[in-house]
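Note: the block below is start-v9.cif and it holds mmCIF, C-alpha atoms.
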data_coords
loop_
_atom_site.group_PDB
_atom_site.id
_atom_site.type_symbol
_atom_site.label_atom_id
_atom_site.label_comp_id
_atom_site.auth_asym_id
_atom_site.auth_seq_id
_atom_site.Cartn_x
_atom_site.Cartn_y
_atom_site.Cartn_z
ATOM 1 C CA MET A 17 0.000 0.000 0.000
ATOM 2 C CA SER A 18 1.215 3.479 -0.887
ATOM 3 C CA ARG A 19 2.190 5.703 2.021
ATOM 4 C CA LYS A 20 1.113 8.842 0.207
ATOM 5 C CA VAL A 21 -1.747 10.556 2.024
ATOM 6 C CA THR A 22 -3.921 12.581 -0.349
ATOM 7 C CA LYS A 23 -7.369 12.252 1.242
ATOM 8 C CA ALA A 24 -8.640 13.766 4.472
ATOM 9 C CA VAL A 25 -11.930 13.322 6.298
ATOM 10 C CA PHE A 26 -13.435 16.202 8.277
ATOM 11 C CA PRO A 27 -16.209 15.058 10.648
ATOM 12 C CA VAL A 28 -18.411 18.161 10.972
ATOM 13 C CA ALA A 29 -21.887 16.749 11.634
ATOM 14 C CA GLY A 30 -22.200 17.759 15.302
ATOM 15 C CA PHE A 31 -24.768 20.191 16.687
ATOM 16 C CA GLY A 32 -22.187 22.376 18.455
ATOM 17 C CA THR A 33 -24.438 22.562 21.516
ATOM 18 C CA ARG A 34 -21.736 24.094 23.706
ATOM 19 C CA PHE A 35 -21.958 27.234 21.578
ATOM 20 C CA LEU A 36 -25.719 27.668 21.532
ATOM 21 C CA PRO A 37 -27.485 29.886 20.662
ATOM 22 C CA ALA A 38 -24.896 30.957 18.054
ATOM 23 C CA THR A 39 -24.839 27.478 16.523
ATOM 24 C CA LYS A 40 -28.609 27.349 16.148
ATOM 25 C CA SER A 41 -28.197 28.765 12.648
ATOM 26 C CA VAL A 42 -24.414 28.893 12.108
ATOM 27 C CA PRO A 43 -22.322 25.702 11.968
ATOM 28 C CA LYS A 44 -19.729 25.677 14.731
ATOM 29 C CA GLU A 45 -16.990 25.118 12.144
ATOM 30 C CA ILE A 46 -17.806 28.526 10.615
ATOM 31 C CA LEU A 47 -17.268 30.409 13.880
ATOM 32 C CA PRO A 48 -14.325 32.781 13.340
ATOM 33 C CA LEU A 49 -10.984 32.557 15.057
ATOM 34 C CA VAL A 50 -10.012 36.218 14.610
ATOM 35 C CA ASP A 51 -11.121 36.525 10.948
ATOM 36 C CA ARG A 52 -10.928 32.962 9.628
ATOM 37 C CA PRO A 53 -13.446 30.231 10.422
ATOM 38 C CA LEU A 54 -12.250 27.175 12.303
ATOM 39 C CA ILE A 55 -12.673 24.998 9.224
ATOM 40 C CA GLN A 56 -10.234 27.171 7.245
ATOM 41 C CA TYR A 57 -7.434 26.402 9.692
ATOM 42 C CA ALA A 58 -8.105 22.691 9.220
ATOM 43 C CA ILE A 59 -8.184 22.982 5.433
ATOM 44 C CA ASP A 60 -4.953 24.976 5.338
ATOM 45 C CA GLU A 61 -3.249 22.369 7.517
ATOM 46 C CA ALA A 62 -4.406 19.568 5.241
ATOM 47 C CA ARG A 63 -3.217 21.400 2.135
ATOM 48 C CA ALA A 64 0.210 21.944 3.681
ATOM 49 C CA ALA A 65 0.435 18.175 4.260
ATOM 50 C CA GLY A 66 -0.246 17.377 0.597
ATOM 51 C CA VAL A 67 -3.951 16.515 0.830
ATOM 52 C CA LYS A 68 -5.772 16.896 -2.505
ATOM 53 C CA GLU A 69 -9.218 15.463 -1.713
ATOM 54 C CA PHE A 70 -11.336 16.855 1.123
ATOM 55 C CA ILE A 71 -14.236 14.784 2.438
ATOM 56 C CA PHE A 72 -16.729 16.455 4.771
ATOM 57 C CA VAL A 73 -19.083 14.320 6.841
ATOM 58 C CA THR A 74 -21.976 16.700 7.395
ATOM 59 C CA SER A 75 -25.586 16.662 8.568
ATOM 60 C CA ARG A 76 -28.784 18.629 8.221
ATOM 61 C CA GLY A 77 -28.292 22.353 8.778
ATOM 62 C CA LYS A 78 -24.702 22.540 7.505
ATOM 63 C CA SER A 79 -25.403 24.285 4.186
ATOM 64 C CA ALA A 80 -23.460 27.385 5.278
ATOM 65 C CA LEU A 81 -20.375 25.202 5.594
ATOM 66 C CA GLU A 82 -20.802 23.959 2.043
ATOM 67 C CA ASP A 83 -21.425 27.486 0.751
ATOM 68 C CA TYR A 84 -18.224 28.720 2.383
ATOM 69 C CA PHE A 85 -16.100 26.806 -0.128
ATOM 70 C CA ASP A 86 -18.220 27.855 -3.103
ATOM 71 C CA GLY A 87 -17.380 30.758 -5.380
ATOM 72 C CA ALA A 88 -18.633 34.280 -4.591
ATOM 73 C CA PRO A 89 -18.573 36.060 -7.985
ATOM 74 C CA GLU A 90 -20.553 39.120 -6.861
ATOM 75 C CA LEU A 91 -18.302 39.700 -3.860
ATOM 76 C CA GLU A 92 -15.165 39.155 -5.940
ATOM 77 C CA ALA A 93 -16.402 41.608 -8.570
ATOM 78 C CA ALA A 94 -17.088 44.242 -5.906
ATOM 79 C CA LEU A 95 -13.590 43.826 -4.471
ATOM 80 C CA ARG A 96 -12.014 44.124 -7.910
ATOM 81 C CA GLU A 97 -14.021 47.264 -8.691
ATOM 82 C CA GLY A 98 -12.912 48.746 -5.394
ATOM 83 C CA ASN A 99 -9.295 47.799 -6.100
ATOM 84 C CA LYS A 100 -9.215 45.876 -2.815
ATOM 85 C CA THR A 101 -6.595 43.425 -3.978
ATOM 86 C CA ALA A 102 -5.476 42.352 -0.498
ATOM 87 C CA LEU A 103 -9.002 41.344 0.458
ATOM 88 C CA LEU A 104 -9.431 39.614 -2.890
ATOM 89 C CA ASP A 105 -6.281 37.564 -2.252
ATOM 90 C CA THR A 106 -7.593 36.663 1.206
ATOM 91 C CA LEU A 107 -10.925 35.574 -0.265
ATOM 92 C CA ARG A 108 -9.205 33.374 -2.829
ATOM 93 C CA GLN A 109 -7.645 31.336 -0.025
ATOM 94 C CA THR A 110 -11.086 29.832 0.479
ATOM 95 C CA ASP A 111 -11.298 28.608 -3.116
ATOM 96 C CA MET A 112 -11.296 24.860 -3.694
ATOM 97 C CA ASP A 113 -10.624 23.161 -7.017
ATOM 98 C CA SER A 114 -13.680 21.729 -8.727
ATOM 99 C CA GLY A 115 -14.104 18.127 -7.646
ATOM 100 C CA ALA A 116 -11.696 18.436 -4.713
ATOM 101 C CA VAL A 117 -14.474 18.637 -2.122
ATOM 102 C CA ALA A 118 -17.063 15.954 -1.399
ATOM 103 C CA TYR A 119 -19.876 15.931 1.146
ATOM 104 C CA VAL A 120 -21.332 12.855 2.834
ATOM 105 C CA ARG A 121 -24.332 12.986 5.145
ATOM 106 C CA GLN A 122 -24.281 11.299 8.542
ATOM 107 C CA GLN A 123 -27.984 10.589 8.912
ATOM 108 C CA GLU A 124 -27.775 9.828 12.629
ATOM 109 C CA ARG A 125 -25.185 10.916 15.148
ATOM 110 C CA ARG A 126 -23.572 7.762 16.469
ATOM 111 C CA GLY A 127 -20.077 8.942 17.295
ATOM 112 C CA LEU A 128 -16.784 9.760 15.593
ATOM 113 C CA GLY A 129 -16.223 6.195 14.416
ATOM 114 C CA HIS A 130 -19.573 6.153 12.656
ATOM 115 C CA ALA A 131 -18.866 9.542 11.046
ATOM 116 C CA VAL A 132 -15.566 8.309 9.591
ATOM 117 C CA TRP A 133 -17.232 5.076 8.434
ATOM 118 C CA CYS A 134 -19.785 7.146 6.486
ATOM 119 C CA ALA A 135 -16.932 8.296 4.203
ATOM 120 C CA ARG A 136 -15.726 4.758 3.413
ATOM 121 C CA ARG A 137 -16.782 4.697 -0.254
ATOM 122 C CA LEU A 138 -14.908 7.918 -0.986
ATOM 123 C CA ILE A 139 -11.788 6.735 0.825
ATOM 124 C CA GLY A 140 -11.513 3.412 -0.966
ATOM 125 C CA ASP A 141 -8.340 1.398 -0.414
ATOM 126 C CA GLU A 142 -5.969 4.236 0.494
ATOM 127 C CA PRO A 143 -4.457 5.577 3.702
ATOM 128 C CA PHE A 144 -6.288 8.719 4.782
ATOM 129 C CA ALA A 145 -6.144 11.488 7.337
ATOM 130 C CA VAL A 146 -8.838 12.520 9.799
ATOM 131 C CA ILE A 147 -8.851 16.095 11.072
ATOM 132 C CA LEU A 148 -11.136 17.362 13.826
ATOM 133 C CA PRO A 149 -11.574 21.113 13.252
ATOM 134 C CA ASP A 150 -12.283 21.666 16.964
ATOM 135 C CA ASP A 151 -8.603 20.976 17.633
ATOM 136 C CA VAL A 152 -6.683 23.980 16.331
ATOM 137 C CA ILE A 153 -2.938 23.438 16.522
ATOM 138 C CA ASP A 154 -0.575 26.378 16.279
ATOM 139 C CA ALA A 155 2.735 25.040 14.975
ATOM 140 C CA GLU A 156 5.641 26.297 12.901
ATOM 141 C CA THR A 157 5.304 23.158 10.782
ATOM 142 C CA PRO A 158 1.617 22.214 10.524
ATOM 143 C CA CYS A 159 0.781 19.202 12.679
ATOM 144 C CA LEU A 160 -0.509 16.951 9.895
ATOM 145 C CA LYS A 161 2.574 17.699 7.801
ATOM 146 C CA GLN A 162 4.751 16.616 10.727
ATOM 147 C CA MET A 163 2.767 13.397 10.909
ATOM 148 C CA VAL A 164 2.909 12.696 7.175
ATOM 149 C CA GLU A 165 6.687 13.046 7.234
ATOM 150 C CA ALA A 166 6.952 10.592 10.149
ATOM 151 C CA TYR A 167 4.420 8.278 8.500
ATOM 152 C CA GLN A 168 6.755 7.772 5.548
ATOM 153 C CA GLU A 169 9.009 5.893 7.964
ATOM 154 C CA THR A 170 6.431 4.020 10.039
ATOM 155 C CA GLY A 171 3.455 3.273 7.803
ATOM 156 C CA GLY A 172 0.502 1.662 9.557
ATOM 157 C CA ASN A 173 -1.750 3.884 11.638
ATOM 158 C CA MET A 174 -0.761 7.038 13.469
ATOM 159 C CA VAL A 175 -2.483 9.215 16.068
ATOM 160 C CA ALA A 176 -1.401 12.618 17.315
ATOM 161 C CA THR A 177 -0.873 12.659 21.057
ATOM 162 C CA MET A 178 -0.015 15.011 23.883
ATOM 163 C CA GLU A 179 0.273 14.764 27.643
ATOM 164 C CA VAL A 180 -2.735 15.995 29.621
ATOM 165 C CA PRO A 181 -3.300 16.360 33.372
ATOM 166 C CA HIS A 182 -4.073 12.961 34.857
ATOM 167 C CA ALA A 183 -7.367 14.257 36.219
ATOM 168 C CA SER A 184 -8.475 15.053 32.644
ATOM 169 C CA VAL A 185 -7.887 11.644 31.040
ATOM 170 C CA SER A 186 -11.594 10.764 31.217
ATOM 171 C CA SER A 187 -12.229 13.350 28.489
ATOM 172 C CA TYR A 188 -9.919 11.719 25.932
ATOM 173 C CA GLY A 189 -8.877 8.567 24.184
ATOM 174 C CA ILE A 190 -5.750 7.468 26.061
ATOM 175 C CA VAL A 191 -2.831 5.424 24.699
ATOM 176 C CA ASP A 192 -0.656 2.893 26.461
ATOM 177 C CA VAL A 193 2.691 3.858 24.977
ATOM 178 C CA GLY A 194 5.660 1.568 24.422
ATOM 179 C CA SER A 195 9.083 2.203 22.945
ATOM 180 C CA GLN A 196 9.924 5.633 21.600
ATOM 181 C CA THR A 197 11.923 6.616 18.524
ATOM 182 C CA GLY A 198 12.306 10.369 18.325
ATOM 183 C CA VAL A 199 8.798 11.834 18.496
ATOM 184 C CA THR A 200 7.105 8.565 17.552
ATOM 185 C CA MET A 201 6.051 5.901 20.063
ATOM 186 C CA THR A 202 4.645 2.421 19.596
ATOM 187 C CA VAL A 203 1.191 1.893 21.044
ATOM 188 C CA ASN A 204 0.431 -1.159 23.181
ATOM 189 C CA GLY A 205 -3.207 -0.296 23.766
ATOM 190 C CA MET A 206 -5.884 2.401 23.580
ATOM 191 C CA VAL A 207 -8.919 3.105 25.700
ATOM 192 C CA GLU A 208 -11.651 5.697 25.236
ATOM 193 C CA LYS A 209 -12.337 8.069 28.154
ATOM 194 C CA PRO A 210 -11.079 5.901 31.002
ATOM 195 C CA LYS A 211 -11.451 6.746 34.663
ATOM 196 C CA PRO A 212 -8.201 8.280 35.988
ATOM 197 C CA ALA A 213 -7.573 5.181 38.102
ATOM 198 C CA ASP A 214 -7.826 2.951 35.028
ATOM 199 C CA ALA A 215 -5.862 5.066 32.551
ATOM 200 C CA PRO A 216 -2.679 3.421 31.201
ATOM 201 C CA SER A 217 -0.975 6.812 30.830
ATOM 202 C CA ASN A 218 -1.756 10.499 30.467
ATOM 203 C CA PHE A 219 -1.006 10.549 26.731
ATOM 204 C CA ALA A 220 -4.215 11.703 25.053
ATOM 205 C CA VAL A 221 -5.203 11.268 21.422
ATOM 206 C CA ILE A 222 -5.725 14.666 19.768
ATOM 207 C CA GLY A 223 -7.810 15.271 16.647
ATOM 208 C CA ARG A 224 -5.297 14.240 13.984
ATOM 209 C CA TYR A 225 -5.057 10.722 12.562
ATOM 210 C CA ILE A 226 -3.504 8.871 9.640
ATOM 211 C CA LEU A 227 -5.318 5.583 9.173
ATOM 212 C CA THR A 228 -5.380 2.555 6.905
ATOM 213 C CA PRO A 229 -8.572 1.238 5.273
ATOM 214 C CA LYS A 230 -8.399 -1.700 7.695
ATOM 215 C CA VAL A 231 -9.759 0.649 10.362
ATOM 216 C CA LEU A 232 -12.827 1.159 8.182
ATOM 217 C CA HIS A 233 -13.296 -2.618 8.027
ATOM 218 C CA ASN A 234 -13.160 -2.704 11.829
ATOM 219 C CA LEU A 235 -15.913 -0.106 11.937
ATOM 220 C CA GLU A 236 -18.216 -2.248 9.805
ATOM 221 C CA LYS A 237 -19.741 -3.896 12.875
ATOM 222 C CA LEU A 238 -20.546 -0.434 14.252
ATOM 223 C CA GLU A 239 -20.448 -1.657 17.836
ATOM 224 C CA ALA A 240 -21.193 0.977 20.467
ATOM 225 C CA GLY A 241 -18.408 1.759 22.920
ATOM 226 C CA ALA A 242 -17.914 4.471 25.526
ATOM 227 C CA GLY A 243 -20.900 6.777 25.835
ATOM 228 C CA GLY A 244 -23.004 4.444 23.701
ATOM 229 C CA GLU A 245 -21.277 5.727 20.546
ATOM 230 C CA VAL A 246 -19.205 4.049 17.846
ATOM 231 C CA GLN A 247 -15.680 4.997 18.877
ATOM 232 C CA LEU A 248 -12.878 5.460 16.350
ATOM 233 C CA THR A 249 -10.436 4.648 19.157
ATOM 234 C CA ASP A 250 -11.880 1.120 19.457
ATOM 235 C CA ALA A 251 -11.441 0.460 15.735
ATOM 236 C CA ILE A 252 -7.824 1.641 15.839
ATOM 237 C CA ALA A 253 -7.145 -0.440 18.955
ATOM 238 C CA GLN A 254 -8.072 -3.602 17.041
ATOM 239 C CA GLU A 255 -5.109 -2.963 14.742
ATOM 240 C CA ILE A 256 -2.768 -3.051 17.735
ATOM 241 C CA THR A 257 -3.819 -6.612 18.487
ATOM 242 C CA ARG A 258 -3.943 -7.781 14.887
ATOM 243 C CA ARG A 259 -0.941 -6.090 13.320
ATOM 244 C CA GLY A 260 0.874 -4.044 15.929
ATOM 245 C CA ASP A 261 1.153 -1.120 13.538
ATOM 246 C CA VAL A 262 -0.279 1.760 15.553
ATOM 247 C CA HIS A 263 2.002 4.660 16.433
ATOM 248 C CA ALA A 264 1.575 7.714 18.631
ATOM 249 C CA PHE A 265 3.096 10.959 17.371
ATOM 250 C CA ARG A 266 4.144 13.715 19.772
ATOM 251 C CA PHE A 267 3.585 16.779 17.640
ATOM 252 C CA ARG A 268 5.404 20.070 18.070
ATOM 253 C CA GLY A 269 2.984 22.921 18.642
ATOM 254 C CA GLN A 270 0.242 24.241 20.897
ATOM 255 C CA ARG A 271 -3.214 22.715 20.759
ATOM 256 C CA PHE A 272 -6.357 24.704 21.497
ATOM 257 C CA ASP A 273 -9.622 22.914 22.224
ATOM 258 C CA CYS A 274 -11.975 25.177 20.289
ATOM 259 C CA GLY A 275 -14.839 22.810 21.007
ATOM 260 C CA SER A 276 -15.009 24.387 24.465
ATOM 261 C CA LYS A 277 -15.766 28.018 25.230
ATOM 262 C CA SER A 278 -12.634 28.411 27.333
ATOM 263 C CA GLY A 279 -10.383 26.892 24.679
ATOM 264 C CA TYR A 280 -12.000 28.978 21.957
ATOM 265 C CA LEU A 281 -11.395 32.177 23.920
ATOM 266 C CA GLN A 282 -7.791 31.171 24.638
ATOM 267 C CA ALA A 283 -7.203 30.545 20.939
ATOM 268 C CA THR A 284 -8.754 33.900 20.048
ATOM 269 C CA VAL A 285 -6.366 35.691 22.383
ATOM 270 C CA ALA A 286 -3.309 33.716 21.206
ATOM 271 C CA PHE A 287 -4.030 34.124 17.492
ATOM 272 C CA GLY A 288 -5.011 37.761 17.947
ATOM 273 C CA LEU A 289 -1.745 38.581 19.703
ATOM 274 C CA ALA A 290 0.169 36.772 16.946
ATOM 275 C CA ARG A 291 -1.111 39.262 14.356
ATOM 276 C CA ASP A 292 1.220 42.224 13.976
ATOM 277 C CA GLU A 293 -1.586 44.596 12.993
ATOM 278 C CA LEU A 294 -3.634 43.676 16.074
ATOM 279 C CA ARG A 295 -1.082 42.976 18.757
ATOM 280 C CA GLY A 296 -0.399 46.491 20.078
ATOM 281 C CA GLU A 297 -3.967 47.684 20.577
ATOM 282 C CA PHE A 298 -5.230 44.246 21.646
ATOM 283 C CA LEU A 299 -2.463 43.748 24.197
ATOM 284 C CA GLU A 300 -3.092 47.204 25.616
ATOM 285 C CA TYR A 301 -6.764 46.362 26.054
ATOM 286 C CA LEU A 302 -6.070 42.999 27.687
ATOM 287 C CA GLN A 303 -3.692 44.661 30.129
ATOM 288 C CA SER A 304 -6.303 47.257 31.006
ATOM 289 C CA VAL A 305 -8.816 44.488 31.744
ATOM 290 C CA LEU A 306 -6.338 42.699 33.973
ATOM 291 C CA ASP A 307 -5.523 45.907 35.805
ATOM 292 C CA ALA A 308 -9.136 46.958 36.278
ATOM 293 C CA SER A 309 -10.653 46.538 39.712
ATOM 294 C CA HIS A 310 -14.289 46.643 38.512
ATOM 295 C CA GLU A 311 -16.273 43.610 37.355
ATOM 296 C CA PRO A 312 -15.723 42.390 33.795
ATOM 297 C CA VAL A 313 -18.083 43.835 31.196
ATOM 298 C CA ARG A 314 -21.576 42.312 31.374
ATOM 299 C CA LYS A 315 -20.531 39.799 34.022
ATOM 300 C CA LYS A 316 -23.877 39.897 35.737
ATOM 301 C CA ALA A 317 -25.797 39.729 32.477
ATOM 302 C CA VAL A 318 -24.143 36.512 31.350
ATOM 303 C CA ALA A 319 -23.827 34.828 34.739
ATOM 304 C CA GLY A 320 -24.625 31.168 34.410
ATOM 305 C CA ALA A 321 -24.419 31.151 30.612
#

What do you get writing this file as structure tokens?
Amino acid sequence: MSRKVTKAVFPVAGFGTRFLPATKSVPKEILPLVDRPLIQYAIDEARAAGVKEFIFVTSRGKSALEDYFDGAPELEAALREGNKTALLDTLRQTDMDSGAVAYVRQQERRGLGHAVWCARRLIGDEPFAVILPDDVIDAETPCLKQMVEAYQETGGNMVATMEVPHASVSSYGIVDVGSQTGVTMTVNGMVEKPKPADAPSNFAVIGRYILTPKVLHNLEKLEAGAGGEVQLTDAIAQEITRRGDVHAFRFRGQRFDCGSKSGYLQATVAFGLARDELRGEFLEYLQSVLDASHEPVRKKAVAGA
């Protein structure tokens, strides 16, 4: 099997309930991180890793996500007429080649494993990447590109991993790591959302994967795991027993959990401060908030939200 990874699956069928009421009409993946939607960061990372085919697993109410990657001739014409070339160049970053994007509906929400399985016919018999847009990773070399380079040496299946506080392991898929070669470790076992007392380590699986089609075969039975959902972790774990070809990759970079309000706000601050044109004024404002003795703006109004 070729080790070239040219397809990526983006599971984006969730309701985004943690961001209601905003996500009542706007897909969570379209929420902006400074001035780019979360999905754009994921797409840019995939492109940098050599991905050519982008497979979105969507659901009812995600039409705005599909429209985002469509052309906008009226807007482009207005920018050209106004000689706003910088904005026009920015807009063109959202363009996708005809035929490069495919959409598959997940008719019922049965977990990440089920979402990936829904894309099986478009994946075929090739290794493929899975990117969770909620996990935004700020890295000098994009995370998936780091993984693809390591994958050329290891083959098999690969999951991105990072150490988390032991008290937080019940929120993640956790790997039982073995021998380490550089930033790559063999995986002896995986368990989804274990209790802290039962966790084999504090190495958590983060939303980047490179998988073989054999994982899709393992998902065929669609057996429910933790939380009553079909877990991708369980399907990958079967490959440890059968072939021993699962690797954990310790990526270089900072991960932000933009699926949570706190993580989303942290990412907004970090990415805002990284922008030269925003840093000065934004930093001055943040310092004034920290120095202020009065209650934060609208604290009482949003209490309990």

Next on the checklist: Show me the residues around (-3.4, 15.6, 13.4) - criterion: an atom at most 9 Å away, only C-alpha atoms counted - as a ChimeraX atom specification.
Outcome noted: /A:61,145-148,151,153,158-163,174-177,222-226,265,267

Within 12 Å of A:Gly275, counting all atoms listed in the file, which residues qualify if same-chain residues fewer than 5 places away don't, as an mmCIF file with C-alpha atoms, keeping the file's coordinate frame?
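Generated output (around.cif):
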data_model
loop_
_atom_site.group_PDB
_atom_site.id
_atom_site.type_symbol
_atom_site.label_atom_id
_atom_site.label_comp_id
_atom_site.auth_asym_id
_atom_site.auth_seq_id
_atom_site.Cartn_x
_atom_site.Cartn_y
_atom_site.Cartn_z
ATOM 1 C CA VAL A 28 -18.411 18.161 10.972
ATOM 2 C CA GLY A 30 -22.200 17.759 15.302
ATOM 3 C CA PHE A 31 -24.768 20.191 16.687
ATOM 4 C CA GLY A 32 -22.187 22.376 18.455
ATOM 5 C CA THR A 33 -24.438 22.562 21.516
ATOM 6 C CA ARG A 34 -21.736 24.094 23.706
ATOM 7 C CA PHE A 35 -21.958 27.234 21.578
ATOM 8 C CA LEU A 36 -25.719 27.668 21.532
ATOM 9 C CA THR A 39 -24.839 27.478 16.523
ATOM 10 C CA LYS A 44 -19.729 25.677 14.731
ATOM 11 C CA GLU A 45 -16.990 25.118 12.144
ATOM 12 C CA LEU A 47 -17.268 30.409 13.880
ATOM 13 C CA LEU A 54 -12.250 27.175 12.303
ATOM 14 C CA LEU A 148 -11.136 17.362 13.826
ATOM 15 C CA PRO A 149 -11.574 21.113 13.252
ATOM 16 C CA ASP A 150 -12.283 21.666 16.964
ATOM 17 C CA ASP A 151 -8.603 20.976 17.633
ATOM 18 C CA VAL A 152 -6.683 23.980 16.331
ATOM 19 C CA GLY A 223 -7.810 15.271 16.647
ATOM 20 C CA TYR A 280 -12.000 28.978 21.957
ATOM 21 C CA LEU A 281 -11.395 32.177 23.920
ATOM 22 C CA GLN A 282 -7.791 31.171 24.638
ATOM 23 C CA ALA A 283 -7.203 30.545 20.939
#

Item to check | Residues within 7 Å of (-9.7, 4.3, 6.7), counting only C-alpha atoms, listed as a ChimeraX atom specification | outcome: /A:136,139,143-144,227-232

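Here atom CA of A:Gln270 and atom CA of A:Glu179 stand 11.6 Å from one another.
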
Checklist outcome for this item: One residue among A:Gly87, A:Gly140, A:Gly129, A:Pro210 is nearest to A:Pro27 when using only C-alpha atoms, and that residue is A:Gly129

Next on the checklist: Which residues, named as in the file, does the PyMOL selection byres ((chain A and resi 285-289) around 12) pick out? Answer as an NGL selection string.
Outcome noted: :A and (48-52 or 54 or 57 or 152-155 or 270-272 or 278-284 or 290-302)

Checklist entry - Can you list what the PyMOL selection byres ((chain A and resi 190-207) around 7) grabs from this structure, as a list in words? => result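 Evaluating the PyMOL selection byres ((chain A and resi 190-207) around 7) on this file yields Val185, Tyr188, Gly189, Glu208, Lys209, Pro210, Ala215, Pro216, Ser217, Asn218, Phe219, Ala220, Val221, Thr249, Ala253, Ile256, Val262, His263, Ala264, Phe265 and Arg266 of chain A.
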
Checklist entry - Written as a ChimeraX atom specification, what is the full residue list that the PyMOL selection byres ((chain A and resi 132) around 10) yields on the file shown? => result /A:25-27,71-73,120,122,127-131,133-136,139,146,231-232,235,246-248

Taking all atoms of stretch 213-216 of chain A that the file lists, what box with edges along x, y and z, padded by 3 Å per side, do you get, with centre and edge lengths in Å to one decimal, as lines of an AutoDock Vina configuration file?
center_x = -5.3
center_y = 4.1
center_z = 34.7
size_x = 11.1
size_y = 8.2
size_z = 12.9

Checklist outcome for this item: Separating atom CA of A:Ile46 from atom CA of A:Lys68, to the nearest tenth of an Å, is a gap of 21.3 Å

Checklist entry - Pick the closest to A:Tyr84 from A:Thr257, A:Thr106, A:Thr170, A:Gln56: which is it, counting only C-alpha atoms? => result A:Gln56

Next on the checklist: Nearest residue to A:Arg125 out of A:Ala29, A:Met112, A:Leu306, A:Cys274, using only C-alpha atoms?
Outcome noted: A:Ala29

Item to check | Between atom CA of A:Val67 and atom CA of A:Glu165, distance in Å (one decimal) | outcome: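 Interatomic distance, atom CA of A:Val67 to atom CA of A:Glu165: 12.9 Å.
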
Checklist entry - Pick from A:Arg137, A:Lys277, A:Lys20, A:Arg76: nearest to A:Gln123, with only C-alpha atoms counted? => result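 Closest to A:Gln123, using only C-alpha atoms: A:Arg76.
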
Next on the checklist: If we count only C-alpha atoms and set the cut-off at 10 Å, which residues sit around A:Ser79, ignoring sequence neighbours fewer than 6 positions away in its own chain? Please answer as a list in words.
Outcome noted: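 Everything that qualifies: Ser41, Val42 and Pro43 of chain A.
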